[in-house]
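Engineer: Pasting entry.txt below, which is compact mmCIF, N, CA and C atoms.
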# COMPACT_ATOMS: atom_id res chain seq x y z
N MET A 431 5.80 38.23 171.65
CA MET A 431 5.23 36.92 171.36
C MET A 431 5.11 36.79 169.85
N ALA A 432 5.46 35.64 169.32
CA ALA A 432 5.37 35.40 167.88
C ALA A 432 4.39 34.26 167.61
N HIS A 433 3.61 34.42 166.61
CA HIS A 433 2.67 33.38 166.16
C HIS A 433 2.93 33.12 164.68
N VAL A 434 3.06 31.87 164.32
CA VAL A 434 3.29 31.50 162.93
C VAL A 434 2.25 30.47 162.54
N ASN A 435 1.54 30.73 161.48
CA ASN A 435 0.62 29.75 160.91
C ASN A 435 1.29 29.16 159.69
N THR A 436 1.38 27.85 159.65
CA THR A 436 2.04 27.18 158.54
C THR A 436 1.44 25.79 158.39
N SER A 437 1.72 25.17 157.29
CA SER A 437 1.30 23.79 157.05
C SER A 437 2.52 22.89 157.16
N ILE A 438 2.40 21.87 157.98
CA ILE A 438 3.48 20.91 158.18
C ILE A 438 2.86 19.51 158.14
N SER A 439 3.45 18.63 157.37
CA SER A 439 3.00 17.23 157.33
C SER A 439 3.69 16.46 158.45
N PHE A 440 2.92 15.73 159.21
CA PHE A 440 3.44 14.92 160.30
C PHE A 440 3.11 13.46 160.08
N THR A 441 3.93 12.61 160.63
CA THR A 441 3.67 11.18 160.69
C THR A 441 3.46 10.83 162.15
N ILE A 442 2.42 10.08 162.42
CA ILE A 442 2.20 9.56 163.77
C ILE A 442 2.58 8.09 163.71
N TRP A 443 3.47 7.69 164.62
CA TRP A 443 4.08 6.37 164.54
C TRP A 443 3.89 5.61 165.84
N TRP A 444 3.52 4.35 165.70
CA TRP A 444 3.48 3.40 166.81
C TRP A 444 3.62 2.03 166.18
N ASP A 445 4.50 1.20 166.72
CA ASP A 445 4.76 -0.12 166.15
C ASP A 445 4.15 -1.19 167.04
N PRO A 446 3.02 -1.78 166.63
CA PRO A 446 2.35 -2.78 167.47
C PRO A 446 3.14 -4.07 167.64
N ASP A 447 4.06 -4.37 166.73
CA ASP A 447 4.82 -5.61 166.81
C ASP A 447 6.02 -5.51 167.75
N SER A 448 6.43 -4.31 168.09
CA SER A 448 7.64 -4.18 168.90
C SER A 448 7.33 -4.03 170.39
N GLY A 449 6.06 -3.89 170.74
CA GLY A 449 5.71 -3.75 172.15
C GLY A 449 6.13 -2.42 172.73
N LEU A 450 6.40 -1.44 171.88
CA LEU A 450 6.84 -0.13 172.35
C LEU A 450 5.73 0.56 173.13
N ASP A 451 6.12 1.26 174.16
CA ASP A 451 5.17 2.01 174.97
C ASP A 451 5.24 3.49 174.66
N ARG A 452 5.64 3.81 173.43
CA ARG A 452 5.75 5.20 173.00
C ARG A 452 5.00 5.39 171.68
N THR A 453 4.38 6.53 171.57
CA THR A 453 3.88 6.99 170.29
C THR A 453 4.78 8.15 169.89
N ARG A 454 4.90 8.38 168.60
CA ARG A 454 5.79 9.44 168.12
C ARG A 454 5.07 10.29 167.07
N LEU A 455 5.38 11.56 167.12
CA LEU A 455 4.91 12.52 166.13
C LEU A 455 6.17 13.03 165.44
N LEU A 456 6.28 12.81 164.12
CA LEU A 456 7.51 13.11 163.41
C LEU A 456 7.24 13.96 162.17
N THR A 457 8.19 14.79 161.83
CA THR A 457 8.18 15.47 160.55
C THR A 457 9.61 15.51 160.02
N GLY A 458 9.73 15.38 158.73
CA GLY A 458 11.02 15.51 158.07
C GLY A 458 11.16 16.87 157.42
N ASP A 459 10.32 17.80 157.83
CA ASP A 459 10.31 19.14 157.25
C ASP A 459 11.69 19.79 157.38
N ARG A 460 12.23 20.22 156.29
CA ARG A 460 13.58 20.80 156.27
C ARG A 460 13.68 22.15 156.97
N ARG A 461 12.54 22.72 157.32
CA ARG A 461 12.59 23.98 158.08
C ARG A 461 13.02 23.75 159.52
N PHE A 462 12.98 22.50 159.95
CA PHE A 462 13.47 22.13 161.28
C PHE A 462 14.80 21.41 161.08
N THR A 463 15.84 21.92 161.66
CA THR A 463 17.15 21.29 161.50
C THR A 463 17.71 20.90 162.85
N ILE A 464 18.52 19.88 162.83
CA ILE A 464 19.18 19.38 164.03
C ILE A 464 20.53 20.08 164.13
N GLU A 465 20.98 20.33 165.34
CA GLU A 465 22.28 20.95 165.54
C GLU A 465 23.34 20.18 164.78
N GLY A 466 24.23 20.90 164.15
CA GLY A 466 25.27 20.25 163.36
C GLY A 466 24.77 19.82 161.99
N ASP A 467 23.52 20.16 161.66
CA ASP A 467 22.93 19.86 160.36
C ASP A 467 23.05 18.38 160.01
N THR A 468 22.77 17.49 160.97
CA THR A 468 22.85 16.05 160.72
C THR A 468 21.58 15.50 160.08
N GLY A 469 20.58 16.31 159.96
CA GLY A 469 19.36 15.87 159.31
C GLY A 469 18.19 16.77 159.66
N PRO A 470 17.22 16.83 158.77
CA PRO A 470 16.07 17.68 159.01
C PRO A 470 15.03 16.97 159.86
N GLY A 471 14.15 17.74 160.44
CA GLY A 471 13.00 17.15 161.10
C GLY A 471 12.84 17.53 162.55
N LEU A 472 11.75 17.05 163.08
CA LEU A 472 11.36 17.29 164.45
C LEU A 472 10.65 16.04 164.93
N GLN A 473 10.89 15.64 166.17
CA GLN A 473 10.27 14.45 166.72
C GLN A 473 9.79 14.74 168.13
N PHE A 474 8.58 14.30 168.42
CA PHE A 474 8.01 14.38 169.75
C PHE A 474 7.60 12.97 170.14
N ALA A 475 8.06 12.48 171.28
CA ALA A 475 7.69 11.15 171.76
C ALA A 475 6.87 11.29 173.03
N ALA A 476 5.86 10.45 173.14
CA ALA A 476 5.03 10.42 174.34
C ALA A 476 4.96 8.97 174.82
N SER A 477 5.40 8.74 176.04
CA SER A 477 5.44 7.40 176.60
C SER A 477 4.31 7.21 177.62
N CYS A 478 3.87 5.96 177.75
CA CYS A 478 2.90 5.63 178.80
C CYS A 478 3.60 4.96 179.99
N ASN A 479 4.93 4.88 179.93
CA ASN A 479 5.71 4.27 181.00
C ASN A 479 6.17 5.36 181.96
N TRP A 480 5.69 5.33 183.19
CA TRP A 480 5.96 6.38 184.18
C TRP A 480 7.45 6.49 184.51
N ALA A 481 8.25 5.47 184.19
CA ALA A 481 9.68 5.52 184.50
C ALA A 481 10.49 6.24 183.41
N HIS A 482 9.87 6.55 182.30
CA HIS A 482 10.58 7.22 181.21
C HIS A 482 10.51 8.73 181.35
N ALA A 483 11.56 9.39 180.89
CA ALA A 483 11.59 10.85 180.94
C ALA A 483 10.52 11.48 180.06
N ASP A 484 10.13 10.78 178.99
CA ASP A 484 9.10 11.33 178.09
C ASP A 484 7.70 10.84 178.44
N TYR A 485 7.50 10.46 179.71
CA TYR A 485 6.18 10.03 180.19
C TYR A 485 5.18 11.17 179.99
N ASN A 486 4.16 10.92 179.21
CA ASN A 486 3.14 11.93 178.95
C ASN A 486 1.86 11.20 178.54
N PRO A 487 1.09 10.71 179.52
CA PRO A 487 -0.07 9.89 179.19
C PRO A 487 -1.14 10.62 178.39
N ARG A 488 -1.32 11.89 178.61
CA ARG A 488 -2.34 12.64 177.84
C ARG A 488 -2.00 12.67 176.36
N GLN A 489 -0.74 13.00 176.05
CA GLN A 489 -0.33 13.05 174.64
C GLN A 489 -0.28 11.65 174.03
N PHE A 490 0.15 10.66 174.83
CA PHE A 490 0.14 9.27 174.37
C PHE A 490 -1.26 8.88 173.94
N ASN A 491 -2.25 9.20 174.78
CA ASN A 491 -3.65 8.86 174.48
C ASN A 491 -4.15 9.63 173.26
N ARG A 492 -3.79 10.89 173.13
CA ARG A 492 -4.23 11.67 171.97
C ARG A 492 -3.74 11.07 170.66
N LEU A 493 -2.45 10.70 170.64
CA LEU A 493 -1.90 10.12 169.42
C LEU A 493 -2.51 8.74 169.15
N ALA A 494 -2.71 7.95 170.20
CA ALA A 494 -3.33 6.64 170.05
C ALA A 494 -4.77 6.79 169.53
N ARG A 495 -5.50 7.73 170.08
CA ARG A 495 -6.88 7.97 169.66
C ARG A 495 -6.94 8.38 168.18
N PHE A 496 -6.01 9.24 167.76
CA PHE A 496 -5.98 9.66 166.37
C PHE A 496 -5.74 8.46 165.45
N LEU A 497 -4.75 7.63 165.79
CA LEU A 497 -4.49 6.43 164.99
C LEU A 497 -5.73 5.56 164.89
N ARG A 498 -6.38 5.33 166.01
CA ARG A 498 -7.57 4.47 166.06
C ARG A 498 -8.69 5.06 165.19
N HIS A 499 -8.91 6.36 165.27
CA HIS A 499 -9.97 7.00 164.49
C HIS A 499 -9.68 6.97 162.99
N GLN A 500 -8.41 6.84 162.63
CA GLN A 500 -8.02 6.74 161.22
C GLN A 500 -8.03 5.30 160.73
N GLY A 501 -8.39 4.35 161.61
CA GLY A 501 -8.47 2.95 161.22
C GLY A 501 -7.17 2.18 161.31
N PHE A 502 -6.18 2.73 161.99
CA PHE A 502 -4.89 2.06 162.14
C PHE A 502 -4.79 1.38 163.50
N PRO A 503 -3.91 0.38 163.62
CA PRO A 503 -3.67 -0.21 164.94
C PRO A 503 -3.17 0.88 165.89
N ALA A 504 -3.58 0.77 167.13
CA ALA A 504 -3.19 1.77 168.12
C ALA A 504 -3.12 1.13 169.50
N PRO A 505 -2.26 1.67 170.35
CA PRO A 505 -2.19 1.14 171.72
C PRO A 505 -3.46 1.51 172.49
N ALA A 506 -3.72 0.74 173.53
CA ALA A 506 -4.84 1.06 174.40
C ALA A 506 -4.54 2.35 175.15
N GLU A 507 -5.58 3.09 175.45
CA GLU A 507 -5.38 4.31 176.23
C GLU A 507 -4.99 3.93 177.65
N VAL A 508 -4.28 4.82 178.29
CA VAL A 508 -3.76 4.57 179.64
C VAL A 508 -4.37 5.57 180.62
N PRO A 509 -4.36 5.23 181.92
CA PRO A 509 -4.85 6.19 182.91
C PRO A 509 -3.98 7.44 182.94
N ILE A 510 -4.61 8.55 183.23
CA ILE A 510 -3.89 9.83 183.32
C ILE A 510 -3.37 9.97 184.75
N GLU A 511 -2.06 9.98 184.89
CA GLU A 511 -1.40 10.17 186.18
C GLU A 511 -0.53 11.41 186.09
N SER A 512 -0.09 11.90 187.22
CA SER A 512 0.77 13.08 187.25
C SER A 512 2.09 12.81 186.54
N ARG A 513 2.56 13.80 185.80
CA ARG A 513 3.85 13.71 185.12
C ARG A 513 4.98 14.20 186.01
N ARG A 514 4.68 14.81 187.12
CA ARG A 514 5.71 15.38 188.00
C ARG A 514 6.53 14.27 188.65
N MET A 515 7.85 14.44 188.60
CA MET A 515 8.74 13.42 189.15
C MET A 515 8.48 13.18 190.64
N HIS A 516 8.24 14.23 191.41
CA HIS A 516 8.04 14.03 192.85
C HIS A 516 6.78 13.22 193.12
N ASP A 517 5.82 13.19 192.19
CA ASP A 517 4.63 12.35 192.35
C ASP A 517 4.90 10.90 191.96
N ARG A 518 6.02 10.67 191.25
CA ARG A 518 6.35 9.32 190.79
C ARG A 518 7.51 8.69 191.55
N LEU A 519 8.03 9.36 192.56
CA LEU A 519 9.20 8.84 193.28
C LEU A 519 8.95 7.48 193.90
N ASP A 520 7.78 7.26 194.46
CA ASP A 520 7.49 5.96 195.07
C ASP A 520 7.51 4.85 194.02
N LEU A 521 7.12 5.16 192.81
CA LEU A 521 7.12 4.17 191.75
C LEU A 521 8.53 3.86 191.25
N LEU A 522 9.41 4.83 191.39
CA LEU A 522 10.77 4.69 190.89
C LEU A 522 11.71 3.98 191.85
N THR A 523 11.33 3.90 193.13
CA THR A 523 12.23 3.29 194.12
C THR A 523 11.82 1.88 194.44
Transcribe the structure of this file into structure tokens.

Structural biologist:
Amino acid sequence: MAHVNTSISFTIWWDPDSGLDRTRLLTGDRRFTIEGDTGPGLQFAASCNWAHADYNPRQFNRLARFLRHQGFPAPAEVPIESRRMHDRLDLLT
């Protein structure tokens, strides 16, 4: 098991004008590279839409809460539902 302590600057992003149902955590840190070296960085998206593959209401709420506590516009928190696909099959059909 490896543990690394480091400092990384992140941007938390949500666009209130676009109606997006995703919050994003981004870094342009050059220590993270994309395959093929097309650009540096790391991105994590959390959606509140149960039909999306990145559906993660807990992380969506955490990022929204952080934005709100910092005085920025933020989406409303959403109910916590199961992320498991078999629990969402009825919603998808």

Engineer: What does the distance from atom CA of Phe502 of chain A to atom N of Ala481 of chain A come to in Å, to one decimal?

Structural biologist: 25.9 Å

Engineer: For Asn491 of chain A, which residue out of A:Val508, A:Ser448, A:Ile464, A:Gly469 is the nearest one, using all atoms listed in the file?

Structural biologist: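 Using all atoms listed in the file, the shortest distance to Asn491 of chain A belongs to A:Val508.
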
Engineer: Identify, with DSSP run on backbone atoms, the residues in segment 445-487 of chain A assigned to strand (DSSP E), and express the list as a CSV table (one decimal) with N, CA and C atoms, in the coordinates of the input.

Structural biologist:
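The new file part-v1.csv reads:
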chain,number,residue,atom,x,y,z
A,452,ARG,N,5.6,3.8,173.4
A,452,ARG,CA,5.8,5.2,173.0
A,452,ARG,C,5.0,5.4,171.7
A,453,THR,N,4.4,6.5,171.6
A,453,THR,CA,3.9,7.0,170.3
A,453,THR,C,4.8,8.2,169.9
A,454,ARG,N,4.9,8.4,168.6
A,454,ARG,CA,5.8,9.4,168.1
A,454,ARG,C,5.1,10.3,167.1
A,455,LEU,N,5.4,11.6,167.1
A,455,LEU,CA,4.9,12.5,166.1
A,455,LEU,C,6.2,13.0,165.4
A,456,LEU,N,6.3,12.8,164.1
A,456,LEU,CA,7.5,13.1,163.4
A,456,LEU,C,7.2,14.0,162.2
A,457,THR,N,8.2,14.8,161.8
A,457,THR,CA,8.2,15.5,160.6
A,457,THR,C,9.6,15.5,160.0
A,472,LEU,N,11.8,17.0,163.1
A,472,LEU,CA,11.4,17.3,164.4
A,472,LEU,C,10.6,16.0,164.9
A,473,GLN,N,10.9,15.6,166.2
A,473,GLN,CA,10.3,14.4,166.7
A,473,GLN,C,9.8,14.7,168.1
A,474,PHE,N,8.6,14.3,168.4
A,474,PHE,CA,8.0,14.4,169.8
A,474,PHE,C,7.6,13.0,170.1
A,475,ALA,N,8.1,12.5,171.3
A,475,ALA,CA,7.7,11.2,171.8
A,475,ALA,C,6.9,11.3,173.0
A,476,ALA,N,5.9,10.4,173.1
A,476,ALA,CA,5.0,10.4,174.3
A,476,ALA,C,5.0,9.0,174.8
A,477,SER,N,5.4,8.7,176.0
A,477,SER,CA,5.4,7.4,176.6
A,477,SER,C,4.3,7.2,177.6

Engineer: How would you write, as a ChimeraX atom specification, the set of residues in segment 440-509 of chain A that DSSP gives as alpha helix (DSSP H)?

Structural biologist: /A:487-499

Engineer: Pick the closest to Pro503 of chain A from A:Asp445, A:Cys478, A:Asp451, A:Thr436: which is it, counting only C-alpha atoms?

Structural biologist: A:Asp445

Engineer: Do you know which residues are at most 5 Å from Gly471 of chain A counting only N, CA and C atoms, after dropping those on the same chain fewer than 6 positions away, and could you put them as a list in words?

Structural biologist: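 Contacts, with the query itself left out: Thr457, Gly458, Asp459, Phe462 and Thr463 of chain A.
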